[in-house]
Amino acid sequence: MEPRPALEVNQLSKTFATKNGPLLVLDAIDMHVNENEFVCIVGSSGCGKSTLLNIVAGLDTASQGEVLLRGRKIQGPGADRGMVFQNYTLYPWLSVAGNVEFGLKVSKVPKAERQERVQHYLDIVGLTRFANVFPKQLSGGMKQRAAIARAMANEPEILLLDEPFGALDCQTKEVLQEFLLDVAQKTHKTFLMITHDVEEAIFLSERIYVFSARPGRICREIPIPLGSNRDRTSRRTSRFLELRQDLTDLMHGEALLTQEAL
Amino acid sequence: MKTLEPKQTATNPDRLQKPSPRIWKIRGEIPQSVYSSMVVTSILLPLAAWFALSYSGLVDPLFIPKPDAVAMAAVRMFQSGDLPKDAWASLSRVGIGFCLSALIGVPLGLLIGTFKVVEGLFEPILGLFRYMPAAAFIPLIILWIGLDEPAKIAIIFLGSFFYNTLMVSDAVKFVSADLIKVGYTLGASRRDIFFKVLFPATLPNIIDTLRVNIAGAWNFVVVAELVAASSGLGYRILTAQRFLRTDEIFVGILVIGIIGLAIDFGFKLLFRLVVPWAVDK
């Protein structure tokens with residue numbers, strides 16, 4: 001028997017009330033993320049992928065359907081699902097270490113263990129030297145690394161990433177993608193990430209869900225058979241380029257359909 | 001085929017910005033020496049005008065007293081003990097009135113900004129009261145509270161409470177929703193979000209709000225001391241008016257200004273100490 005997936009989304013739909021009547025943004029979404037798997041959702045803006053991630057995080061509610069985390073139905077937000085946002089969301093009044101410690105503090109983790117875990121995760125993201133610095137003194141890439149450490153310090157069952165590198169320049173973005181790949185390989189956590197960057201999705205994931213827009217639907221599920229020993233040179237392999245080409249064409253077709261439908 | 005003649009291209013000299021003079025660059029930095037000389041000018045110019053007008057004899061000393069007369073009055077009032085006593089009386093009134101207003105206004109403002117229920121309950125009514133001049137309440141306050149200290153404190157309170165509350169509630173609403181969302185995903189309870197996210201995020205604005213509003217409250221001391229006062233800087237000015245002591249009026253106004261400036265500086269210092277992360281430079 002197949003092991004139960006870490007995250008299951010069953011027949012999930014979301015309708016927004018607008019001035020012109022109800023608007024369907026997510027239509028009967030069925031998907032899952034396995035234990036220790038890295039899954040990406042790609043889609044153009046407006047395809048409802050952020051709404052889906054917010055529902056999984058418990059920050060928004062589904063109109064229909066359900067989200068199960070290790071078989072338990074999700075009722076609201078919780079520390080079992082860590083989230084990293086596109087915008088910089090570090091608390092400016094806390095030091096980098098204070099930010100990483102935040103979730104542990106509200107969960108009443110004893111002080112000794114808190115300090116240990118803060119150190120451990122700062123070490124993983126390579127920010128030990130910046131532990132006592134305020135976020136405003138960090139670069140954009142460092143801010144997102146700190147945000148990832150903060151989400152991971154809670155040791156959630158799944159990490160939800162909402163276009164975490166969307167605001168970064170190309171070079172920093174590539175470095176951070178390699179950093180995240182490294183973190184994923186080292187920590188064996190479960191990841192669900194949203195992006196509209198095709199290359200980023202292929203580079204990081206083991207499986208990709210492609211979304212079509214208006215209403216948001218899963219139009220394709222694509223396994224990425226690049227193996228687990230990837231590094232930055234993987235981007236240049238013919239297998240990678242081929243996958244990128246296919247996915248780009250698919251997304252282009254979807255974007256054209258959406259534009260014409262408007 | 002006819003092509004469009006490029007008449008107004010970006011390189012057309014008419015459209016190029018002329019280099020602006022350095023000190024008039026919009027929001028531009030200027031040399032510290034230029035800035036300092038501007039500050040000195042802004043103080044010296046009115047002083048020079050005062051000296052010129054009074055010593056030249058162009059203006060009757062009853063209207064504008066001579067600077068040395070004002071200085072003498074200041075020394076006299078200080079030595080007699082009146083000035084320190086008055087300053088203290090005014091300061092304690094504003095201190096007590098404003099502290100009460102902040103102690104109630106800040107928590108209430110935080111709650112208004114956090115919970116829609118509290119907003120509905122308080123914001124419209126406070127918004128209405130804000131536009132009612134506190135000075136107009138003086139007859140009612142005398143009627144309800146009397147003529148003693150509490151009446152003066154009540155006027156200061158009324159003059160600052162609505163502003164404190166509504167400005168703090170606005171500051172809460174400006175806290176980015178992402179900061180709240182991320183708190184929830186880190187396992188924070190609603191209580192945690194209020195005390196560990198909304199409050200610290202708003203704190204710089206709270207300190208700034210208090211700094212701006214205490215200026216208003218400090219100005220109000222003159223109005224508050226219209227009510228049967230026997231001490232205070234406002235009272236001193238009113239008495240001086242009765243005896244046409246323009247020099248003493250000048251001293252009173254100057255002292256009010258200087259104390260106000262000191263309070264402002266105190267709040268700026270507090271800001272740097274309490275919320276160093278929010279300091280711009």
# chains A, B, ... in the order shown; residues from 1 in each chain; ligands from 1
$ closest_atom_pairs --of "chain A" --to "chain B" --cutoff "9 Å" --atoms "only C-alpha atoms" --output "tab-separated table"
residue	atom	partner	partner_atom	distance
A:Ala57	CA	B:Thr185	CA	6.9
A:Gly58	CA	B:Thr185	CA	8.2
A:Leu59	CA	B:Lys181	CA	6.9
A:Pro77	CA	B:Thr185	CA	5.6
A:Gly78	CA	B:Gly187	CA	4.9
A:Ala79	CA	B:Gly187	CA	4.2
A:Asp80	CA	B:Gly187	CA	7.9
A:Arg81	CA	B:Thr185	CA	6.4
A:Gly82	CA	B:Thr185	CA	5.7
A:Met83	CA	B:Thr185	CA	6.2
A:Val84	CA	B:Val182	CA	7.7
A:Phe85	CA	B:Asp178	CA	7.9
A:Asn87	CA	B:Asp178	CA	7.9
A:Tyr88	CA	B:Asp178	CA	8.7
A:Thr89	CA	B:Leu179	CA	5.7
A:Leu90	CA	B:Leu179	CA	7.6
A:Tyr91	CA	B:Leu179	CA	7.1
A:Pro92	CA	B:Trp277	CA	6.6
A:Trp93	CA	B:Trp277	CA	5.7
A:Leu94	CA	B:Trp277	CA	8.3
A:Phe102	CA	B:Leu186	CA	7.5
A:Gly103	CA	B:Leu186	CA	4.8
A:Leu104	CA	B:Leu186	CA	8.2
A:Val106	CA	B:Ala188	CA	5.7
A:Ser107	CA	B:Gly187	CA	6.7
A:Phe134	CA	B:Trp277	CA	6.7
A:Pro135	CA	B:Trp277	CA	8.7
A:Lys136	CA	B:Trp277	CA	7.9
A:Arg150	CA	B:Leu186	CA	8.3
A:Ala151	CA	B:Leu186	CA	6.9
A:Asn154	CA	B:Leu186	CA	7.1
$ select_by_dssp --residues "range 122-193 of chain A" --states "alpha helix (DSSP H)" --output "NGL selection string"
:A and (122-125 or 140-153 or 170-187)
$ write_last_selection --atoms "N, CA and C atoms" --output "mmCIF file, in the first residue's frame"
data_model
loop_
_atom_site.group_PDB
_atom_site.id
_atom_site.type_symbol
_atom_site.label_atom_id
_atom_site.label_comp_id
_atom_site.auth_asym_id
_atom_site.auth_seq_id
_atom_site.Cartn_x
_atom_site.Cartn_y
_atom_site.Cartn_z
ATOM 1 N N LEU A 122 19.877 28.993 12.159
ATOM 2 C CA LEU A 122 20.681 30.115 11.635
ATOM 3 C C LEU A 122 21.909 29.557 10.932
ATOM 4 N N ASP A 123 22.429 28.484 11.482
ATOM 5 C CA ASP A 123 23.589 27.834 10.884
ATOM 6 C C ASP A 123 23.224 27.261 9.509
ATOM 7 N N ILE A 124 22.070 26.619 9.436
ATOM 8 C CA ILE A 124 21.626 26.022 8.172
ATOM 9 C C ILE A 124 21.497 27.090 7.080
ATOM 10 N N VAL A 125 20.934 28.251 7.428
ATOM 11 C CA VAL A 125 20.761 29.287 6.413
ATOM 12 C C VAL A 125 21.976 30.211 6.326
ATOM 13 N N GLY A 140 17.978 41.740 0.567
ATOM 14 C CA GLY A 140 16.740 41.022 0.277
ATOM 15 C C GLY A 140 16.904 39.511 0.376
ATOM 16 N N GLY A 141 18.002 38.996 -0.177
ATOM 17 C CA GLY A 141 18.240 37.557 -0.146
ATOM 18 C C GLY A 141 18.425 37.042 1.269
ATOM 19 N N MET A 142 19.140 37.814 2.085
ATOM 20 C CA MET A 142 19.362 37.405 3.468
ATOM 21 C C MET A 142 18.058 37.431 4.250
ATOM 22 N N LYS A 143 17.203 38.415 3.934
ATOM 23 C CA LYS A 143 15.906 38.490 4.613
ATOM 24 C C LYS A 143 15.103 37.218 4.359
ATOM 25 N N GLN A 144 15.110 36.760 3.103
ATOM 26 C CA GLN A 144 14.329 35.567 2.791
ATOM 27 C C GLN A 144 14.957 34.323 3.415
ATOM 28 N N ARG A 145 16.280 34.287 3.502
ATOM 29 C CA ARG A 145 16.932 33.161 4.181
ATOM 30 C C ARG A 145 16.517 33.125 5.649
ATOM 31 N N ALA A 146 16.488 34.329 6.263
ATOM 32 C CA ALA A 146 16.070 34.407 7.671
ATOM 33 C C ALA A 146 14.610 33.968 7.812
ATOM 34 N N ALA A 147 13.771 34.369 6.828
ATOM 35 C CA ALA A 147 12.349 33.996 6.891
ATOM 36 C C ALA A 147 12.194 32.477 6.775
ATOM 37 N N ILE A 148 13.047 31.861 5.952
ATOM 38 C CA ILE A 148 12.998 30.402 5.811
ATOM 39 C C ILE A 148 13.434 29.742 7.123
ATOM 40 N N ALA A 149 14.491 30.289 7.737
ATOM 41 C CA ALA A 149 14.941 29.743 9.025
ATOM 42 C C ALA A 149 13.839 29.874 10.066
ATOM 43 N N ARG A 150 13.154 31.011 10.067
ATOM 44 C CA ARG A 150 12.088 31.243 11.040
ATOM 45 C C ARG A 150 10.965 30.214 10.874
ATOM 46 N N ALA A 151 10.605 29.957 9.588
ATOM 47 C CA ALA A 151 9.529 28.994 9.343
ATOM 48 C C ALA A 151 9.975 27.582 9.721
ATOM 49 N N MET A 152 11.265 27.274 9.477
ATOM 50 C CA MET A 152 11.739 25.912 9.733
ATOM 51 C C MET A 152 11.993 25.638 11.207
ATOM 52 N N ALA A 153 12.308 26.701 11.975
ATOM 53 C CA ALA A 153 12.650 26.522 13.386
ATOM 54 C C ALA A 153 11.493 25.889 14.152
ATOM 55 N N CYS A 170 17.777 38.582 -10.476
ATOM 56 C CA CYS A 170 18.058 37.272 -11.087
ATOM 57 C C CYS A 170 19.203 36.521 -10.420
ATOM 58 N N GLN A 171 20.305 37.210 -10.187
ATOM 59 C CA GLN A 171 21.491 36.532 -9.645
ATOM 60 C C GLN A 171 21.209 36.023 -8.236
ATOM 61 N N THR A 172 20.647 36.907 -7.390
ATOM 62 C CA THR A 172 20.346 36.511 -6.019
ATOM 63 C C THR A 172 19.352 35.357 -6.017
ATOM 64 N N LYS A 173 18.406 35.434 -6.948
ATOM 65 C CA LYS A 173 17.385 34.410 -7.051
ATOM 66 C C LYS A 173 18.011 33.039 -7.303
ATOM 67 N N GLU A 174 18.934 32.972 -8.255
ATOM 68 C CA GLU A 174 19.580 31.695 -8.563
ATOM 69 C C GLU A 174 20.325 31.153 -7.360
ATOM 70 N N VAL A 175 21.042 32.039 -6.683
ATOM 71 C CA VAL A 175 21.793 31.609 -5.504
ATOM 72 C C VAL A 175 20.840 31.060 -4.443
ATOM 73 N N LEU A 176 19.727 31.753 -4.265
ATOM 74 C CA LEU A 176 18.776 31.311 -3.241
ATOM 75 C C LEU A 176 18.084 30.005 -3.629
ATOM 76 N N GLN A 177 17.875 29.803 -4.931
ATOM 77 C CA GLN A 177 17.297 28.533 -5.373
ATOM 78 C C GLN A 177 18.242 27.388 -5.034
ATOM 79 N N GLU A 178 19.535 27.612 -5.289
ATOM 80 C CA GLU A 178 20.513 26.565 -4.964
ATOM 81 C C GLU A 178 20.576 26.344 -3.460
ATOM 82 N N PHE A 179 20.448 27.467 -2.727
ATOM 83 C CA PHE A 179 20.440 27.383 -1.269
ATOM 84 C C PHE A 179 19.247 26.549 -0.782
ATOM 85 N N LEU A 180 18.077 26.825 -1.365
ATOM 86 C CA LEU A 180 16.872 26.095 -0.947
ATOM 87 C C LEU A 180 16.965 24.616 -1.302
ATOM 88 N N LEU A 181 17.520 24.327 -2.475
ATOM 89 C CA LEU A 181 17.724 22.938 -2.891
ATOM 90 C C LEU A 181 18.596 22.215 -1.871
ATOM 91 N N ASP A 182 19.646 22.911 -1.465
ATOM 92 C CA ASP A 182 20.578 22.367 -0.490
ATOM 93 C C ASP A 182 19.871 22.103 0.845
ATOM 94 N N VAL A 183 19.084 23.083 1.277
ATOM 95 C CA VAL A 183 18.347 22.942 2.536
ATOM 96 C C VAL A 183 17.383 21.757 2.452
ATOM 97 N N ALA A 184 16.684 21.662 1.313
ATOM 98 C CA ALA A 184 15.710 20.578 1.144
ATOM 99 C C ALA A 184 16.411 19.230 1.183
ATOM 100 N N GLN A 185 17.591 19.138 0.539
ATOM 101 C CA GLN A 185 18.327 17.870 0.523
ATOM 102 C C GLN A 185 18.860 17.516 1.897
ATOM 103 N N LYS A 186 19.272 18.554 2.656
ATOM 104 C CA LYS A 186 19.850 18.314 3.970
ATOM 105 C C LYS A 186 18.799 17.954 5.014
ATOM 106 N N THR A 187 17.643 18.633 4.962
ATOM 107 C CA THR A 187 16.697 18.512 6.070
ATOM 108 C C THR A 187 15.587 17.494 5.827
#
$ closest_residue --among "B:Leu147, B:Val168, B:Ile237, B:Ala73" --to "Leu103 in chain B" --atoms "only C-alpha atoms"
B:Val168
$ select_by_dssp --residues "range 61-238 of chain A" --states "strand (DSSP E)" --output "compact mmCIF listing (two decimals) with N, CA and C atoms, in the first residue's frame"
# COMPACT_ATOMS: atom_id res chain seq x y z
N GLN A 64 -15.68 24.85 -0.79
CA GLN A 64 -16.02 23.43 -0.81
C GLN A 64 -14.74 22.61 -0.76
N GLY A 65 -14.88 21.37 -0.31
CA GLY A 65 -13.73 20.49 -0.29
C GLY A 65 -12.95 20.63 1.00
N GLU A 66 -11.82 19.90 1.08
CA GLU A 66 -11.08 19.89 2.34
C GLU A 66 -9.58 19.75 2.09
N VAL A 67 -8.82 20.13 3.11
CA VAL A 67 -7.38 19.97 3.10
C VAL A 67 -7.02 19.09 4.29
N LEU A 68 -6.27 18.01 4.03
CA LEU A 68 -5.86 17.11 5.11
C LEU A 68 -4.36 17.16 5.27
N LEU A 69 -3.92 17.35 6.52
CA LEU A 69 -2.50 17.29 6.82
C LEU A 69 -2.26 16.03 7.64
N ARG A 72 -5.37 14.67 9.10
CA ARG A 72 -6.20 15.54 9.93
C ARG A 72 -6.73 16.69 9.08
N LYS A 73 -8.00 17.00 9.27
CA LYS A 73 -8.59 18.10 8.50
C LYS A 73 -8.10 19.44 9.06
N ARG A 81 2.20 24.07 9.88
CA ARG A 81 2.46 24.47 8.49
C ARG A 81 3.20 25.80 8.49
N GLY A 82 4.49 25.78 8.20
CA GLY A 82 5.27 27.02 8.17
C GLY A 82 5.08 27.70 6.82
N MET A 83 5.16 29.02 6.82
CA MET A 83 4.94 29.71 5.55
C MET A 83 5.98 30.81 5.35
N VAL A 84 6.44 30.94 4.09
CA VAL A 84 7.34 32.03 3.72
C VAL A 84 6.64 32.83 2.62
N ILE A 158 5.04 20.65 7.07
CA ILE A 158 5.23 21.05 5.67
C ILE A 158 5.58 22.52 5.63
N LEU A 159 6.40 22.89 4.66
CA LEU A 159 6.75 24.30 4.46
C LEU A 159 6.04 24.81 3.22
N LEU A 160 5.30 25.90 3.39
CA LEU A 160 4.59 26.50 2.27
C LEU A 160 5.35 27.74 1.83
N LEU A 161 5.70 27.80 0.56
CA LEU A 161 6.50 28.93 0.07
C LEU A 161 5.71 29.66 -1.02
N ASP A 162 5.38 30.92 -0.75
CA ASP A 162 4.58 31.70 -1.70
C ASP A 162 5.49 32.63 -2.49
N PHE A 191 7.92 20.14 1.12
CA PHE A 191 7.77 21.52 0.65
C PHE A 191 6.65 21.63 -0.38
N LEU A 192 5.88 22.68 -0.27
CA LEU A 192 4.92 23.04 -1.32
C LEU A 192 5.19 24.49 -1.67
N MET A 193 5.58 24.72 -2.93
CA MET A 193 5.98 26.07 -3.32
C MET A 193 5.16 26.55 -4.51
N ILE A 194 4.90 27.84 -4.50
CA ILE A 194 4.18 28.48 -5.59
C ILE A 194 5.15 29.34 -6.36
N THR A 195 5.07 29.32 -7.66
CA THR A 195 5.94 30.20 -8.44
C THR A 195 5.35 30.37 -9.83
N ARG A 207 7.93 17.16 -8.44
CA ARG A 207 6.67 17.09 -9.15
C ARG A 207 6.12 18.50 -9.29
N ILE A 208 5.45 18.76 -10.42
CA ILE A 208 4.89 20.09 -10.66
C ILE A 208 3.42 19.97 -11.01
N TYR A 209 2.60 20.83 -10.41
CA TYR A 209 1.22 20.98 -10.85
C TYR A 209 1.13 22.27 -11.65
N VAL A 210 0.63 22.16 -12.89
CA VAL A 210 0.47 23.37 -13.70
C VAL A 210 -0.98 23.81 -13.59
N PHE A 211 -1.18 25.08 -13.25
CA PHE A 211 -2.52 25.64 -13.09
C PHE A 211 -2.93 26.42 -14.33
N SER A 212 -4.18 26.31 -14.70
CA SER A 212 -4.72 27.22 -15.71
C SER A 212 -5.57 28.25 -14.97
N ARG A 217 -7.58 25.85 -12.27
CA ARG A 217 -7.74 24.39 -12.34
C ARG A 217 -6.37 23.79 -12.53
N ILE A 218 -6.22 22.52 -12.13
CA ILE A 218 -4.98 21.83 -12.44
C ILE A 218 -5.09 21.33 -13.87
N CYS A 219 -4.20 21.79 -14.75
CA CYS A 219 -4.32 21.32 -16.13
C CYS A 219 -3.28 20.23 -16.43
N ARG A 220 -2.27 20.09 -15.61
CA ARG A 220 -1.28 19.05 -15.87
C ARG A 220 -0.49 18.75 -14.60
N GLU A 221 -0.13 17.49 -14.43
CA GLU A 221 0.75 17.11 -13.33
C GLU A 221 2.00 16.53 -13.99
N ILE A 222 3.16 17.09 -13.69
CA ILE A 222 4.37 16.68 -14.39
C ILE A 222 5.43 16.20 -13.40
N PRO A 223 5.85 14.95 -13.49
CA PRO A 223 6.97 14.51 -12.66
C PRO A 223 8.28 15.07 -13.21
$ residues_around --residues "range 160-167 of chain B" --least-positions-apart "5" --cutoff "6 Å" --atoms "only C-alpha atoms" --output "PyMOL selection string"
chain B and resi 101+105-106+109+130+217
$ residues_around --residues "Val118 in chain B" --least-positions-apart "5" --cutoff "12 Å" --atoms "only C-alpha atoms" --output "PyMOL selection string"
chain B and resi 107-113+123-126+169
$ atom_distance --atom1 "CA of Phe137 in chain B" --atom2 "CA of Asn213 in chain B"
18.9 Å
$ residues_around --residues "Trp218 in chain B" --least-positions-apart "5" --cutoff "10 Å" --atoms "only C-alpha atoms" --output "PyMOL selection string"
chain B and resi 90-91+93-95+98+156+159-160+213+223-224+256-257+259-260+263
$ closest_residue --among "B:Asp82, B:Thr246, B:Val221, B:Phe271" --to "Asp60 in chain B" --atoms "only C-alpha atoms"
B:Thr246
$ atom_distance --atom1 "CA of Ser231 in chain B" --atom2 "CA of Ala89 in chain B"
6.4 Å
$ residues_around --residues "range 113-115 of chain A" --least-positions-apart "4" --cutoff "9 Å" --atoms "only C-alpha atoms" --output "JSON list (two decimals) with N, CA and C atoms, in the first residue's frame"
[["chain", "number", "residue", "atom", "x", "y", "z"],
["A", 97, "ALA", "N", 17.86, 36.64, 15.14],
["A", 97, "ALA", "CA", 17.66, 35.52, 16.06],
["A", 97, "ALA", "C", 16.29, 35.61, 16.72],
["A", 101, "GLU", "N", 13.28, 32.93, 16.67],
["A", 101, "GLU", "CA", 12.82, 32.42, 17.96],
["A", 101, "GLU", "C", 11.31, 32.63, 18.17],
["A", 104, "LEU", "N", 8.94, 29.71, 18.39],
["A", 104, "LEU", "CA", 9.27, 28.84, 19.52],
["A", 104, "LEU", "C", 8.79, 29.45, 20.81],
["A", 105, "LYS", "N", 8.87, 30.78, 20.88],
["A", 105, "LYS", "CA", 8.45, 31.48, 22.08],
["A", 105, "LYS", "C", 6.94, 31.38, 22.27],
["A", 109, "VAL", "N", 8.33, 26.83, 23.97],
["A", 109, "VAL", "CA", 9.45, 25.89, 23.99],
["A", 109, "VAL", "C", 10.43, 26.38, 25.06],
["A", 119, "GLN", "N", 20.06, 28.54, 16.94],
["A", 119, "GLN", "CA", 21.43, 28.42, 16.45],
["A", 119, "GLN", "C", 21.53, 27.45, 15.29],
["A", 120, "HIS", "N", 20.86, 26.32, 15.46],
["A", 120, "HIS", "CA", 20.88, 25.28, 14.44],
["A", 120, "HIS", "C", 20.38, 25.81, 13.10],
["A", 153, "ALA", "N", 12.31, 26.70, 11.97],
["A", 153, "ALA", "CA", 12.65, 26.52, 13.39],
["A", 153, "ALA", "C", 11.49, 25.89, 14.15]]
$ closest_residue --among "A:Ser45, A:Arg129, A:Glu155, A:Leu12" --to "Asp197 in chain A" --atoms "only C-alpha atoms"
A:Ser45
